[in-house]
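Below: upload_11.csv (CSV, C-alpha atoms)
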chain,number,residue,atom,x,y,z
A,1,MET,CA,-38.6,21.4,-22.7
A,2,LYS,CA,-34.8,22.1,-22.8
A,3,ARG,CA,-34.6,21.9,-19.0
A,4,LEU,CA,-36.4,18.6,-19.0
A,5,LEU,CA,-34.1,17.2,-21.7
A,6,ALA,CA,-31.0,18.3,-19.8
A,7,ALA,CA,-32.4,16.7,-16.6
A,8,LEU,CA,-33.0,13.4,-18.4
A,9,ILE,CA,-29.5,13.3,-19.9
A,10,ILE,CA,-27.9,14.0,-16.5
A,11,ALA,CA,-30.0,11.4,-14.7
A,12,THR,CA,-29.0,8.8,-17.3
A,13,LEU,CA,-25.3,9.5,-16.9
A,14,VAL,CA,-25.6,9.2,-13.1
A,15,LEU,CA,-27.4,5.9,-13.4
A,16,GLN,CA,-25.1,4.4,-16.0
A,17,GLY,CA,-21.9,4.9,-14.1
A,18,CYS,CA,-18.4,6.3,-14.7
A,19,SER,CA,-17.7,4.2,-17.8
A,20,TRP,CA,-20.3,6.3,-19.6
A,21,ILE,CA,-19.1,9.7,-18.4
A,22,ARG,CA,-16.9,11.8,-20.7
A,23,SER,CA,-16.6,15.4,-21.5
A,24,TRP,CA,-19.0,16.9,-24.0
A,25,GLY,CA,-17.6,16.8,-27.5
A,26,GLU,CA,-15.0,14.1,-26.9
A,27,ASP,CA,-14.9,11.0,-29.1
A,28,GLU,CA,-15.9,7.6,-27.7
A,29,PRO,CA,-13.4,6.1,-25.3
A,30,SER,CA,-10.4,4.4,-27.1
A,31,ASP,CA,-10.2,0.7,-27.4
A,32,PRO,CA,-8.3,-1.1,-24.6
A,33,ALA,CA,-4.6,-1.3,-25.1
A,34,PRO,CA,-3.4,-4.7,-26.5
A,35,LEU,CA,-2.4,-7.3,-23.9
A,36,VAL,CA,1.3,-7.1,-23.2
A,37,GLU,CA,3.3,-10.2,-24.2
A,38,PHE,CA,5.6,-11.6,-21.6
A,39,GLU,CA,7.1,-14.9,-20.4
A,40,SER,CA,5.1,-16.0,-17.3
A,41,SER,CA,7.3,-16.7,-14.3
A,42,LEU,CA,4.6,-17.4,-11.7
A,43,LYS,CA,2.1,-20.2,-11.6
A,44,VAL,CA,-1.5,-19.1,-10.7
A,45,SER,CA,-4.0,-21.8,-10.0
A,46,LYS,CA,-7.8,-21.6,-9.7
A,47,ILE,CA,-8.7,-23.4,-6.4
A,48,TRP,CA,-12.5,-23.2,-6.7
A,49,SER,CA,-15.4,-21.2,-8.1
A,50,THR,CA,-19.1,-20.9,-7.3
A,51,GLY,CA,-22.0,-19.0,-8.8
A,52,ILE,CA,-23.6,-16.1,-6.8
A,53,GLY,CA,-26.9,-15.5,-8.4
A,54,ASP,CA,-27.0,-12.9,-11.3
A,55,GLY,CA,-24.1,-10.7,-10.2
A,56,MET,CA,-24.4,-7.0,-10.5
A,57,GLY,CA,-26.8,-6.7,-13.4
A,58,LYS,CA,-26.6,-3.5,-15.5
A,59,GLN,CA,-26.9,-1.0,-12.8
A,60,GLY,CA,-23.3,-0.1,-12.2
A,61,LEU,CA,-23.2,-1.6,-8.8
A,62,SER,CA,-20.1,-2.7,-6.8
A,63,MET,CA,-20.7,-5.2,-4.1
A,64,GLY,CA,-17.6,-7.1,-3.4
A,65,PRO,CA,-17.2,-10.2,-1.1
A,66,LYS,CA,-16.4,-9.6,2.6
A,67,TYR,CA,-14.3,-12.0,4.6
A,68,SER,CA,-14.7,-12.8,8.3
A,69,SER,CA,-13.9,-15.9,10.4
A,70,GLY,CA,-13.4,-18.3,7.5
A,71,LEU,CA,-16.5,-17.2,5.6
A,72,LEU,CA,-17.0,-15.0,2.6
A,73,PHE,CA,-20.3,-13.0,2.5
A,74,VAL,CA,-21.5,-12.2,-1.0
A,75,ALA,CA,-24.7,-10.7,-2.5
A,76,ASP,CA,-26.2,-10.1,-5.9
A,77,TYR,CA,-28.4,-7.3,-7.2
A,78,GLU,CA,-31.6,-9.3,-7.0
A,79,GLY,CA,-31.5,-10.0,-3.3
A,80,LEU,CA,-29.5,-13.2,-3.0
A,81,LEU,CA,-27.2,-13.3,0.1
A,82,VAL,CA,-24.7,-16.1,0.5
A,83,ALA,CA,-22.2,-17.3,3.1
A,84,VAL,CA,-19.4,-19.3,1.4
A,85,ASP,CA,-16.7,-21.4,3.1
A,86,ALA,CA,-13.5,-19.5,2.1
A,87,GLU,CA,-11.3,-22.6,2.0
A,88,LYS,CA,-13.5,-25.0,0.0
A,89,GLY,CA,-16.0,-22.7,-1.8
A,90,ARG,CA,-19.0,-24.6,-0.4
A,91,LYS,CA,-22.1,-22.5,0.3
A,92,VAL,CA,-22.8,-22.6,4.1
A,93,TRP,CA,-26.1,-20.9,3.8
A,94,GLU,CA,-28.1,-19.1,1.1
A,95,LEU,CA,-30.9,-16.6,1.6
A,96,LYS,CA,-33.2,-15.6,-1.3
A,97,THR,CA,-34.8,-12.3,-0.5
A,98,LYS,CA,-36.7,-10.0,-2.8
A,99,GLN,CA,-34.7,-7.0,-1.8
A,100,PRO,CA,-33.1,-4.8,-4.5
A,101,PHE,CA,-29.6,-4.9,-3.0
A,102,SER,CA,-27.3,-2.0,-4.0
A,103,GLY,CA,-24.7,-1.6,-1.2
A,104,GLY,CA,-22.9,-4.1,1.0
A,105,PRO,CA,-22.3,-6.4,2.6
A,106,GLY,CA,-21.2,-4.6,5.8
A,107,LEU,CA,-20.3,-6.8,8.8
A,108,ASP,CA,-19.8,-6.9,12.5
A,109,ASN,CA,-19.4,-9.9,14.9
A,110,GLU,CA,-23.1,-10.8,14.8
A,111,GLN,CA,-24.8,-9.2,11.8
A,112,ILE,CA,-24.7,-8.5,8.1
A,113,TYR,CA,-25.9,-5.2,6.8
A,114,MET,CA,-27.2,-4.6,3.3
A,115,GLY,CA,-28.4,-1.4,1.6
A,116,THR,CA,-31.1,-1.2,-1.1
A,117,ILE,CA,-32.0,0.9,-4.1
A,118,ASP,CA,-35.2,2.1,-2.4
A,119,GLY,CA,-33.3,3.5,0.6
A,120,ARG,CA,-33.5,0.8,3.2
A,121,VAL,CA,-30.9,-0.8,5.5
A,122,ILE,CA,-31.5,-4.4,6.5
A,123,ALA,CA,-29.7,-6.4,9.2
A,124,TYR,CA,-29.3,-10.2,8.8
A,125,ASP,CA,-28.1,-12.8,11.3
A,126,ARG,CA,-24.6,-14.0,10.4
A,127,ASN,CA,-25.3,-17.5,11.4
A,128,GLY,CA,-28.2,-18.3,9.1
A,129,GLY,CA,-29.2,-15.1,7.3
A,130,SER,CA,-32.5,-14.5,9.1
A,131,GLU,CA,-33.7,-10.9,8.9
A,132,LEU,CA,-33.4,-9.0,12.2
A,133,TRP,CA,-34.6,-5.5,11.3
A,134,ASN,CA,-35.3,-3.2,8.4
A,135,ALA,CA,-34.8,0.6,8.6
A,136,GLN,CA,-35.8,3.3,6.1
A,137,VAL,CA,-33.2,6.0,5.2
A,138,SER,CA,-33.5,8.9,2.8
A,139,SER,CA,-32.3,7.5,-0.5
A,140,GLU,CA,-30.4,4.7,-2.3
A,141,VAL,CA,-27.5,3.1,-0.4
A,142,LEU,CA,-24.5,2.4,-2.7
A,143,SER,CA,-21.7,1.7,-0.2
A,144,PRO,CA,-21.5,-1.0,2.5
A,145,PRO,CA,-23.0,0.1,5.9
A,146,ALA,CA,-20.2,0.2,8.6
A,147,SER,CA,-20.7,-1.0,12.1
A,148,ALA,CA,-18.8,0.2,15.2
A,149,ASP,CA,-19.6,0.5,18.9
A,150,GLY,CA,-23.2,-0.6,18.5
A,151,ILE,CA,-23.9,1.9,15.8
A,152,VAL,CA,-24.4,1.2,12.1
A,153,VAL,CA,-23.3,4.1,9.9
A,154,VAL,CA,-25.0,4.4,6.5
A,155,ARG,CA,-24.2,6.8,3.6
A,156,CYS,CA,-27.0,7.6,1.2
A,157,ILE,CA,-26.7,8.8,-2.4
A,158,ASP,CA,-28.2,12.2,-1.5
A,159,GLY,CA,-25.2,12.9,0.8
A,160,ARG,CA,-26.9,12.2,4.1
A,161,VAL,CA,-25.2,9.9,6.7
A,162,PHE,CA,-27.2,8.1,9.3
A,163,GLY,CA,-26.3,6.5,12.6
A,164,LEU,CA,-28.6,3.6,13.4
A,165,ASP,CA,-28.9,1.4,16.5
A,166,ALA,CA,-27.3,-1.9,15.6
A,167,VAL,CA,-29.9,-3.8,17.8
A,168,ASN,CA,-33.1,-2.5,16.3
A,169,GLY,CA,-32.2,0.0,13.4
A,170,ARG,CA,-33.6,3.0,15.3
A,171,ARG,CA,-32.2,6.3,14.0
A,172,LEU,CA,-29.8,7.9,16.4
A,173,TRP,CA,-28.4,10.8,14.4
A,174,ILE,CA,-28.1,12.2,10.9
A,175,TYR,CA,-25.5,14.3,9.1
A,176,ASP,CA,-26.5,16.2,6.0
A,177,HIS,CA,-24.0,17.2,3.2
A,178,SER,CA,-25.0,18.5,-0.2
A,179,VAL,CA,-23.8,16.7,-3.3
A,180,PRO,CA,-23.3,17.9,-6.9
A,181,LEU,CA,-25.9,17.6,-9.6
A,182,LEU,CA,-23.8,15.1,-11.5
A,183,THR,CA,-21.7,12.4,-9.9
A,184,LEU,CA,-20.2,9.0,-10.7
A,185,ARG,CA,-22.3,5.9,-10.0
A,186,GLY,CA,-21.3,4.8,-6.6
A,187,ASN,CA,-20.1,6.3,-3.3
A,188,ALA,CA,-16.8,6.0,-1.4
A,189,ASP,CA,-16.8,3.3,1.2
A,190,LEU,CA,-17.1,4.5,4.8
A,191,LEU,CA,-14.0,4.1,6.8
A,192,VAL,CA,-14.2,3.7,10.6
A,193,ARG,CA,-11.3,3.9,13.0
A,194,ALA,CA,-11.2,4.5,16.8
A,195,GLY,CA,-14.7,6.0,17.1
A,196,ILE,CA,-14.4,8.1,14.0
A,197,VAL,CA,-16.0,7.6,10.6
A,198,PHE,CA,-14.4,9.1,7.5
A,199,VAL,CA,-16.8,10.0,4.6
A,200,GLY,CA,-15.6,10.7,1.1
A,201,TYR,CA,-17.9,12.9,-0.9
A,202,ASP,CA,-18.7,13.6,-4.6
A,203,ASP,CA,-17.6,17.2,-4.3
A,204,GLY,CA,-14.0,16.2,-3.6
A,205,SER,CA,-14.2,16.7,0.2
A,206,VAL,CA,-13.7,14.3,3.1
A,207,VAL,CA,-15.6,14.7,6.4
A,208,SER,CA,-14.6,13.2,9.7
A,209,LEU,CA,-17.5,12.4,12.1
A,210,ARG,CA,-17.8,11.0,15.5
A,211,VAL,CA,-19.6,7.6,15.4
A,212,ASP,CA,-21.5,8.1,18.7
A,213,ASP,CA,-23.3,11.3,17.7
A,214,GLY,CA,-22.5,12.2,14.1
A,215,SER,CA,-20.8,15.5,15.1
A,216,VAL,CA,-18.1,16.9,12.7
A,217,VAL,CA,-14.5,16.6,13.7
A,218,TRP,CA,-13.1,18.2,10.5
A,219,ASN,CA,-14.0,18.8,6.9
A,220,GLN,CA,-11.3,19.0,4.3
A,221,THR,CA,-11.5,19.6,0.5
A,222,ILE,CA,-8.9,17.6,-1.3
A,223,VAL,CA,-9.8,18.9,-4.8
A,224,SER,CA,-12.3,21.6,-5.9
A,225,PRO,CA,-15.0,20.7,-8.5
A,226,GLU,CA,-14.0,23.3,-11.0
A,227,GLY,CA,-14.9,23.5,-14.7
A,228,ARG,CA,-17.3,24.9,-17.3
A,229,THR,CA,-19.6,21.9,-17.3
A,230,GLU,CA,-21.0,19.4,-14.8
A,231,LEU,CA,-18.9,16.7,-16.4
A,232,ALA,CA,-15.7,18.7,-16.1
A,233,ARG,CA,-16.4,19.3,-12.4
A,234,LEU,CA,-16.6,15.6,-11.5
A,235,ALA,CA,-14.4,15.3,-8.3
A,236,ASP,CA,-15.8,12.2,-6.6
A,237,VAL,CA,-13.6,10.7,-3.8
A,238,GLY,CA,-12.2,7.3,-4.7
A,239,GLN,CA,-14.0,4.2,-3.5
A,240,GLN,CA,-11.5,3.1,-0.9
A,241,MET,CA,-9.7,5.3,1.6
A,242,VAL,CA,-7.0,3.9,3.8
A,243,VAL,CA,-5.7,4.8,7.3
A,244,VAL,CA,-2.1,3.8,8.0
A,245,ALA,CA,-0.7,4.8,11.4
A,246,SER,CA,-1.9,8.4,11.7
A,247,ASP,CA,-2.3,9.1,8.0
A,248,LEU,CA,-5.5,9.0,5.9
A,249,ILE,CA,-4.8,8.4,2.2
A,250,VAL,CA,-7.5,9.4,-0.3
A,251,SER,CA,-7.8,9.5,-4.1
A,252,SER,CA,-10.2,11.5,-6.3
A,253,TYR,CA,-11.6,11.2,-9.8
A,254,LYS,CA,-10.3,14.7,-10.5
A,255,SER,CA,-6.5,14.2,-10.6
A,256,ARG,CA,-5.6,14.4,-6.9
A,257,LEU,CA,-4.2,11.8,-4.5
A,258,VAL,CA,-3.5,13.0,-1.0
A,259,SER,CA,-2.3,12.0,2.4
A,260,LEU,CA,-4.0,13.8,5.3
A,261,ALA,CA,-3.4,13.8,9.1
A,262,ALA,CA,-6.3,11.6,10.2
A,263,ASP,CA,-6.9,13.6,13.4
A,264,SER,CA,-7.1,17.0,11.8
A,265,GLY,CA,-7.4,16.7,8.1
A,266,ARG,CA,-4.2,18.6,7.6
A,267,LEU,CA,-2.6,18.0,4.2
A,268,LEU,CA,0.7,16.1,4.3
A,269,TRP,CA,1.4,15.5,0.6
A,270,PHE,CA,-0.4,15.3,-2.7
A,271,LYS,CA,0.2,13.9,-6.2
A,272,ASP,CA,-1.7,14.6,-9.4
A,273,ILE,CA,-3.2,11.1,-10.0
A,274,SER,CA,-6.8,10.5,-10.9
A,275,SER,CA,-8.5,7.4,-9.5
A,276,ALA,CA,-12.2,6.6,-8.7
A,277,THR,CA,-11.3,3.1,-7.4
A,278,GLY,CA,-9.3,4.3,-4.4
A,279,VAL,CA,-6.0,3.1,-2.9
A,280,GLN,CA,-4.4,0.0,-1.5
A,281,VAL,CA,-1.5,0.0,1.0
A,282,ASP,CA,0.9,-2.7,2.1
A,283,ARG,CA,3.6,-1.6,4.6
A,284,THR,CA,5.2,1.4,2.8
A,285,ASN,CA,3.8,0.5,-0.6
A,286,LEU,CA,0.9,2.4,-2.0
A,287,ALA,CA,-0.8,1.1,-5.2
A,288,VAL,CA,-3.3,3.0,-7.2
A,289,SER,CA,-5.0,2.5,-10.7
A,290,GLU,CA,-5.3,5.7,-12.5
A,291,ARG,CA,-8.4,6.6,-14.5
A,292,ASN,CA,-6.5,6.3,-17.8
A,293,GLY,CA,-5.2,2.8,-17.1
A,294,ASP,CA,-1.8,3.6,-15.6
A,295,LEU,CA,-0.8,1.6,-12.6
A,296,TRP,CA,1.3,3.4,-9.9
A,297,MET,CA,3.4,2.2,-7.0
A,298,LEU,CA,4.3,4.9,-4.6
A,299,ASP,CA,5.9,5.3,-1.2
A,300,ARG,CA,2.9,6.0,1.1
A,301,ARG,CA,5.0,8.1,3.5
A,302,ASN,CA,5.7,10.9,1.0
A,303,GLY,CA,4.1,10.1,-2.3
A,304,SER,CA,7.3,9.5,-4.2
A,305,THR,CA,7.1,7.2,-7.3
A,306,THR,CA,8.6,3.7,-7.1
A,307,TRP,CA,7.4,2.8,-10.6
A,308,LYS,CA,4.6,3.6,-13.1
A,309,LEU,CA,3.2,1.1,-15.7
A,310,ASP,CA,1.6,2.8,-18.7
A,311,ARG,CA,0.9,-0.3,-20.8
A,312,MET,CA,-2.7,-1.0,-19.9
A,313,SER,CA,-4.4,2.2,-21.2
A,314,ASN,CA,-8.3,2.1,-21.3
A,315,ARG,CA,-8.5,-1.3,-19.8
A,316,GLY,CA,-10.7,-0.2,-17.0
A,317,LEU,CA,-8.5,-1.3,-14.1
A,318,THR,CA,-9.9,-2.3,-10.7
A,319,ARG,CA,-8.2,-1.1,-7.6
A,320,PRO,CA,-5.0,-3.2,-7.1
A,321,ALA,CA,-4.6,-5.8,-4.4
A,322,PHE,CA,-1.3,-7.0,-2.8
A,323,TYR,CA,-0.5,-10.7,-2.8
A,324,GLY,CA,2.7,-11.5,-1.1
A,325,SER,CA,5.5,-9.9,-3.2
A,326,TYR,CA,3.1,-9.3,-6.1
A,327,VAL,CA,0.4,-6.8,-6.9
A,328,VAL,CA,-2.8,-7.9,-8.8
A,329,VAL,CA,-5.2,-5.8,-10.8
A,330,GLY,CA,-8.2,-6.8,-12.9
A,331,ASP,CA,-9.5,-5.2,-16.1
A,332,LYS,CA,-12.9,-4.8,-17.8
A,333,GLU,CA,-12.2,-7.8,-20.1
A,334,GLY,CA,-11.9,-10.1,-17.1
A,335,TYR,CA,-8.1,-10.5,-17.0
A,336,LEU,CA,-6.2,-10.6,-13.8
A,337,HIS,CA,-2.7,-9.2,-14.2
A,338,TRP,CA,0.0,-10.2,-11.7
A,339,LEU,CA,3.1,-8.0,-11.4
A,340,ASP,CA,6.2,-7.9,-9.3
A,341,THR,CA,5.7,-5.3,-6.6
A,342,ASP,CA,9.3,-4.1,-6.6
A,343,ILE,CA,9.7,-3.3,-10.3
A,344,GLY,CA,6.3,-3.5,-11.9
A,345,SER,CA,7.1,-6.3,-14.4
A,346,PHE,CA,4.4,-8.7,-15.5
A,347,VAL,CA,4.8,-12.2,-14.0
A,348,ALA,CA,1.4,-13.9,-14.7
A,349,ARG,CA,-2.0,-13.4,-16.3
A,350,VAL,CA,-5.3,-15.4,-15.9
A,351,ARG,CA,-8.8,-14.7,-17.2
A,352,ALA,CA,-11.7,-15.0,-14.8
A,353,GLY,CA,-14.5,-14.0,-17.2
A,354,LYS,CA,-15.3,-11.7,-20.1
A,355,LYS,CA,-17.3,-9.0,-18.5
A,356,GLY,CA,-15.0,-7.7,-15.8
A,357,PHE,CA,-15.3,-7.6,-12.1
A,358,ALA,CA,-17.8,-6.5,-9.5
A,359,ALA,CA,-15.1,-5.2,-7.2
A,360,ALA,CA,-11.4,-5.2,-6.6
A,361,PRO,CA,-9.6,-8.5,-5.9
A,362,LEU,CA,-9.6,-9.5,-2.2
A,363,THR,CA,-6.5,-11.1,-0.6
A,364,VAL,CA,-6.9,-13.2,2.5
A,365,GLY,CA,-3.7,-15.0,3.5
A,366,THR,CA,-2.5,-17.0,0.5
A,367,THR,CA,-5.7,-16.8,-1.4
A,368,LEU,CA,-7.0,-14.2,-3.8
A,369,TYR,CA,-10.7,-13.9,-4.3
A,370,VAL,CA,-12.5,-12.2,-7.2
A,371,LEU,CA,-16.2,-11.7,-8.0
A,372,THR,CA,-17.1,-11.2,-11.6
A,373,GLN,CA,-19.8,-9.0,-12.9
A,374,LYS,CA,-21.7,-12.1,-13.9
A,375,GLY,CA,-21.6,-13.4,-10.3
A,376,GLU,CA,-18.9,-16.0,-10.4
A,377,LEU,CA,-16.9,-16.1,-7.1
A,378,ILE,CA,-13.4,-17.5,-7.8
A,379,ALA,CA,-10.4,-18.3,-5.5
A,380,TYR,CA,-6.8,-18.3,-6.8
A,381,ARG,CA,-3.5,-19.2,-5.3
A,382,ALA,CA,-0.1,-18.4,-6.7
A,383,GLY,CA,2.6,-21.1,-6.4
A,384,ALA,CA,6.2,-21.6,-7.3
A,385,ALA,CA,7.8,-20.0,-10.3
A,386,LEU,CA,7.4,-21.7,-13.7

Written as structure tokens, how would this file's structure read?
Amino acid sequence: MKRLLAALIIATLVLQGCSWIRSWGEDEPSDPAPLVEFESSLKVSKIWSTGIGDGMGKQGLSMGPKYSSGLLFVADYEGLLVAVDAEKGRKVWELKTKQPFSGGPGLDNEQIYMGTIDGRVIAYDRNGGSELWNAQVSSEVLSPPASADGIVVVRCIDGRVFGLDAVNGRRLWIYDHSVPLLTLRGNADLLVRAGIVFVGYDDGSVVSLRVDDGSVVWNQTIVSPEGRTELARLADVGQQMVVVASDLIVSSYKSRLVSLAADSGRLLWFKDISSATGVQVDRTNLAVSERNGDLWMLDRRNGSTTWKLDRMSNRGLTRPAFYGSYVVVGDKEGYLHWLDTDIGSFVARVRAGKKGFAAAPLTVGTTLYVLTQKGELIAYRAGAAL
């Protein structure tokens, strides 16, 4: 009976997501820090907004919009898939499926790829949304499938990675990697560069695989899952990894941000910062939201600190996004905070909703796009100083 109860508790924590995970015996998470008062110096305007179904529901999903060739591709958890004109906010086409979407969209030049809760990968035509093929994999897909060189790479929640034929969904290869008993809700996004796919795992390791056959190039542990309890051992790799030049930059939920040599996995530098949302890079600037609500700006070449902002504790920050000479971050109360990239001072704040965001903000040219948990897709532009 005790074993059954423990299993039920662990399953519940995994399903509910990182906002519910805390060490045994700790108090409830503290209230969000009060909003910082400041004098706005940047005008931020809403350009358009449009509804995308029912958003992410209550399943702890993160399915952000993807941009390509003037269109935004967006989905909700009940199987709605939409192509939106990125300039005007007009829906170009809309497909109402009955699929329980949980990961995506993934894109290539011709197709859109979605993963589902019941372990399927579905390919849709980019021009109108018609279903092209439907392939079964081993378990739930929580990150966007990635396409390269005619192969669709898919990461499942059980740790397996599949290589599927982009034409018909036929299985070409499989890589198996064990995962811890307890993990955060969500998986690190796959990162594909030059025929290699980088996979971030829940045990604090990163694996480099060849896209064509799934063979291992290298396997590097960036932080060890140590601790007396399953909760203390949480070490999930952050949602977004970044390759810049020959460096791979990776964060972990367990207090480790690292830069690795992309070709070998050799450690270049590390910093004790904890982030489950991953990293964002613009030139030599590296922005990361820490688990406790601190916002960091680092030099991505060596990890040295440019500035650190510690005035948004417990606000559940998204991964930052760069926008011109500014950095933008969302919080769980639906606010978008705009800061000066050079010094970290607040310059503007707008509220997109009250329930937070489905994913990090997305910058395309002079427009910033956000998708709220409730399914509102909004476009913003920042203009002249006030």

**Message:** Report, in Å with one decimal, the straight-line distance from CA of Arg160 (chain A) to CA of Leu107 (chain A).
**Reply:** 20.7 Å

**Message:** Just want the 8 Å neighbourhood of Thr221 (chain A), counted on only C-alpha atoms, with same-chain residues fewer than 2 positions away dropped. Output as number ranges by chain.
**Reply:** A: 204-206, 219, 223-224

Write out, as a tab-separated table, each residue of region 172-275 of chain A that has an atom at most 12 Å from region 358-373 of chain A, together with the closest pair of atoms and their distance in Å to one decimal, counting only C-alpha atoms, rows going by chain and rising number.
residue	atom	partner	partner_atom	distance
A:Gly186	CA	A:Ala359	CA	11.8
A:Gln239	CA	A:Ala359	CA	10.2
A:Gln240	CA	A:Ala360	CA	10.1

**Request:** Check the smallest atom-to-atom distance from each of A:Ile343, A:Phe322, A:Ile378, A:Asp202 to Val74 (chain A) using only C-alpha atoms, then report the winner.
**Result:**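 Smallest distance to Val74 (chain A) is found for A:Ile378.
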
**Message:** Applying 6 Å and only C-alpha atoms, which residues near region 33-50 of chain A remain after dropping the ones on its own chain fewer than 6 positions away? List them as a PyMOL selection string.
**Reply:** chain A and resi 312-313+347-348+376-383+385-386

**Within 12 Å of file point (-2.2, 17.6, -15.2), counting only C-alpha atoms, expressed as number ranges by chain** = A: 254-256, 271-274

Neighbour residues at most 10 Å from (-20.7, -3.9, 20.3) (all atoms listed in the file) as a PDB file with C-alpha atoms, in the coordinates of the input:
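Writing the result to point38.pdb gives the following:
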ATOM      1  CA  ASP A 108     -19.800  -6.900  12.500  1.00  0.00           C
ATOM      2  CA  ASN A 109     -19.400  -9.900  14.900  1.00  0.00           C
ATOM      3  CA  GLU A 110     -23.100 -10.800  14.800  1.00  0.00           C
ATOM      4  CA  SER A 147     -20.700  -1.000  12.100  1.00  0.00           C
ATOM      5  CA  ALA A 148     -18.800   0.200  15.200  1.00  0.00           C
ATOM      6  CA  ASP A 149     -19.600   0.500  18.900  1.00  0.00           C
ATOM      7  CA  GLY A 150     -23.200  -0.600  18.500  1.00  0.00           C
ATOM      8  CA  ILE A 151     -23.900   1.900  15.800  1.00  0.00           C
ATOM      9  CA  ALA A 166     -27.300  -1.900  15.600  1.00  0.00           C
ATOM     10  CA  VAL A 167     -29.900  -3.800  17.800  1.00  0.00           C
TER      11      VAL A 167
END

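With distances restricted to all atoms listed in the file, A:Tyr77 is the closest residue to Ser102 (chain A) from A:Trp269, A:Phe162, A:Tyr77, A:Tyr124.
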
**Request:** Go ahead and compute the interatomic distance for CA of Leu71 (chain A) and CA of Asn127 (chain A), in Å to one decimal.
**Result:**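 Pair CA of Leu71 (chain A) / CA of Asn127 (chain A) returns 10.5 Å.
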
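For Leu95 (chain A), the residues within 9 Å (counting all atoms listed in the file, excluding itself and residues fewer than 6 positions away along the chain) are Gly79, Leu80, Leu81, Val82, Ala83, Gly128, Gly129 and Ser130 of chain A.
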
Got time to write the residues from that selection, C-alpha atoms, as a tab-separated table (two decimals), in the frame of the given file?
chain	number	residue	atom	x	y	z
A	79	GLY	CA	-31.50	-10.00	-3.30
A	80	LEU	CA	-29.50	-13.20	-3.00
A	81	LEU	CA	-27.20	-13.30	0.10
A	82	VAL	CA	-24.70	-16.10	0.50
A	83	ALA	CA	-22.20	-17.30	3.10
A	128	GLY	CA	-28.20	-18.30	9.10
A	129	GLY	CA	-29.20	-15.10	7.30
A	130	SER	CA	-32.50	-14.50	9.10

Dump region 112-123 of chain A with N, CA and C atoms to a file, as a PDB file, in the first residue's frame.
ATOM      1  N   ILE A 112       4.464  20.286 -41.348  1.00  0.00           N
ATOM      2  CA  ILE A 112       4.374  20.614 -39.938  1.00  0.00           C
ATOM      3  C   ILE A 112       4.283  19.298 -39.177  1.00  0.00           C
ATOM      4  N   TYR A 113       4.983  19.210 -38.047  1.00  0.00           N
ATOM      5  CA  TYR A 113       4.986  17.977 -37.273  1.00  0.00           C
ATOM      6  C   TYR A 113       4.489  18.254 -35.854  1.00  0.00           C
ATOM      7  N   MET A 114       3.531  17.442 -35.418  1.00  0.00           N
ATOM      8  CA  MET A 114       2.987  17.550 -34.070  1.00  0.00           C
ATOM      9  C   MET A 114       3.122  16.210 -33.349  1.00  0.00           C
ATOM     10  N   GLY A 115       3.399  16.287 -32.034  1.00  0.00           N
ATOM     11  CA  GLY A 115       3.410  15.101 -31.198  1.00  0.00           C
ATOM     12  C   GLY A 115       2.181  15.083 -30.311  1.00  0.00           C
ATOM     13  N   THR A 116       1.791  13.899 -29.848  1.00  0.00           N
ATOM     14  CA  THR A 116       0.570  13.772 -29.054  1.00  0.00           C
ATOM     15  C   THR A 116       0.838  13.099 -27.708  1.00  0.00           C
ATOM     16  N   ILE A 117      -0.138  13.235 -26.815  1.00  0.00           N
ATOM     17  CA  ILE A 117      -0.055  12.625 -25.488  1.00  0.00           C
ATOM     18  C   ILE A 117      -0.016  11.102 -25.581  1.00  0.00           C
ATOM     19  N   ASP A 118      -0.697  10.533 -26.577  1.00  0.00           N
ATOM     20  CA  ASP A 118      -0.727   9.079 -26.700  1.00  0.00           C
ATOM     21  C   ASP A 118       0.381   8.527 -27.593  1.00  0.00           C
ATOM     22  N   GLY A 119       1.459   9.290 -27.768  1.00  0.00           N
ATOM     23  CA  GLY A 119       2.655   8.768 -28.406  1.00  0.00           C
ATOM     24  C   GLY A 119       2.591   8.628 -29.910  1.00  0.00           C
ATOM     25  N   ARG A 120       2.038   9.648 -30.577  1.00  0.00           N
ATOM     26  CA  ARG A 120       2.043   9.623 -32.025  1.00  0.00           C
ATOM     27  C   ARG A 120       2.675  10.898 -32.576  1.00  0.00           C
ATOM     28  N   VAL A 121       3.218  10.775 -33.768  1.00  0.00           N
ATOM     29  CA  VAL A 121       3.772  11.915 -34.498  1.00  0.00           C
ATOM     30  C   VAL A 121       2.986  12.032 -35.795  1.00  0.00           C
ATOM     31  N   ILE A 122       2.462  13.241 -36.041  1.00  0.00           N
ATOM     32  CA  ILE A 122       1.595  13.446 -37.197  1.00  0.00           C
ATOM     33  C   ILE A 122       2.178  14.550 -38.070  1.00  0.00           C
ATOM     34  N   ALA A 123       2.257  14.279 -39.361  1.00  0.00           N
ATOM     35  CA  ALA A 123       2.759  15.258 -40.324  1.00  0.00           C
ATOM     36  C   ALA A 123       1.583  15.882 -41.074  1.00  0.00           C
TER      37      ALA A 123
END
